[in-house]
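Here the structure comes first, spelled out in structure tokens, and everything after it is commentary.
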Amino acid sequence: MEELFDAQALGRRIRRLRETLGQTQTAFGKRFRVDQSTVARWENGHMPKEAHIARLAALAGQHPAEFVYGPPGEAPHRAAPVVGYVGAGQQVFPVDDHALGAGMDEVEAPAETGSRPVVAVRVRGDSMHPMKDGWLLFYSREQDGVAEDCVGRLCVVQVAEDGPLLVKELRRGYAPGTWTLLSWSAAPIEDARVAWAAPVLSIRPA
């Protein structure tokens with residue numbers, strides 16, 4: 001059976017090797033007589049030359065094929081784009097405007113989210129107490145509206161009519177079609193109209 005080459009996975013292995021050695025891209029490149037931009041391309045999925053692969057694998061203590069394709073049975077890496085940060089008032093400040101979030105950074109998706117596509121927002125500062133600066137909240141932006149499984153849970157919530165994107169606990173409002181948005185450190189927002197809500201599926205401490 002033909003082995004599948006995952007260019008991004010190889011890039012992550014090269015970056016992990018460099019970081020294990022505690023070197024910058026420039027210093028790491030000097031080992032191979034290449035410049036910083038070449039190392040950056042490797043880490044972004046550009047295949048190194050065969051001679052460089054052999055040296056990278058030797059440095060990692062692996063066979064070249066294992067270094068390129070990964071160990072037998074290695075679980076596939078699932079990346080989650082970081083699409084914004086949560087600041088004061090539990091408001092999410094997006095870093096892109098894509099509906100599913102292309103993101104400016106990627107982190108490994110939690111195993112408990114299964115195969116569904118997820119994105120993350122990063123807590124900034126202490127406004128999300130008891131969560132701390134740098135914590136990650138993962139969610140899946142798969143539908144509009146408010147699904148039944150959102151009620152009573154911590155969610156990423158898009159307030160209707162171009163309102164803010166917030167992280168709040170969602171409760172049913174008093175008026176039909178409205179919601180009460182709760183948080184630990186701010187007064188509740190009552191009778192809010194919500195464009196969509198997505199439950200927080202996983203929280204990862206920094």
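So you can find residues: chains in the structure tokens are A, B, ... in the order shown, residues in each start at 1, and ligands are numbered from 1 in order.
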Would you list the contacts of A:Glu190 as a PDB file with N, CA and C atoms, in the first residue's frame, taking every protein, DNA or RNA residue within 7 Å and counting only C-alpha atoms, but skipping same-chain residues closer than 6 positions in sequence?
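Dumped everything to around.pdb:
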```pdb
ATOM      1  N   GLY A 173     -34.460  33.554  26.985  1.00  0.00           N
ATOM      2  CA  GLY A 173     -34.884  34.877  27.431  1.00  0.00           C
ATOM      3  C   GLY A 173     -36.353  34.900  27.837  1.00  0.00           C
ATOM      4  N   TRP A 179     -32.670  35.593  24.165  1.00  0.00           N
ATOM      5  CA  TRP A 179     -31.798  34.799  25.022  1.00  0.00           C
ATOM      6  C   TRP A 179     -31.184  35.676  26.097  1.00  0.00           C
ATOM      7  N   THR A 180     -30.899  35.050  27.238  1.00  0.00           N
ATOM      8  CA  THR A 180     -30.140  35.706  28.303  1.00  0.00           C
ATOM      9  C   THR A 180     -28.713  35.180  28.240  1.00  0.00           C
ATOM     10  N   LEU A 181     -27.760  36.107  28.208  1.00  0.00           N
ATOM     11  CA  LEU A 181     -26.346  35.755  28.083  1.00  0.00           C
ATOM     12  C   LEU A 181     -25.656  36.022  29.415  1.00  0.00           C
TER      13      LEU A 181
END
```
- Considering only C-alpha atoms, state which residue in the set A:Val86, A:Val34, A:Val39, A:Val159 is at the smallest distance from A:Asp133.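 Of A:Val86, A:Val34, A:Val39, A:Val159, the one nearest A:Asp133, counting only C-alpha atoms, is A:Val86.
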- Message: DSSP on the backbone, strand (DSSP E) only: what residues of stretch 111-148 of chain A does that give? Format it as a PyMOL selection string.
- Response: chain A and resi 119-123+136-139
- Selection near A:Gln91, 7 Å with only C-alpha atoms, sequence-local residues under 4 positions removed, as a PyMOL selection string: chain A and resi 86-87+164-167
Those same residues, written as a compact mmCIF listing (two decimals), in the first residue's frame with C-alpha atoms?
```
# COMPACT_ATOMS: atom_id res chain seq x y z
CA VAL A 86 -11.40 36.78 24.03
CA GLY A 87 -10.88 40.14 25.71
CA PRO A 164 -20.47 41.59 19.08
CA LEU A 165 -19.15 38.03 19.16
CA LEU A 166 -19.17 36.94 22.80
CA VAL A 167 -18.37 33.95 25.01
```
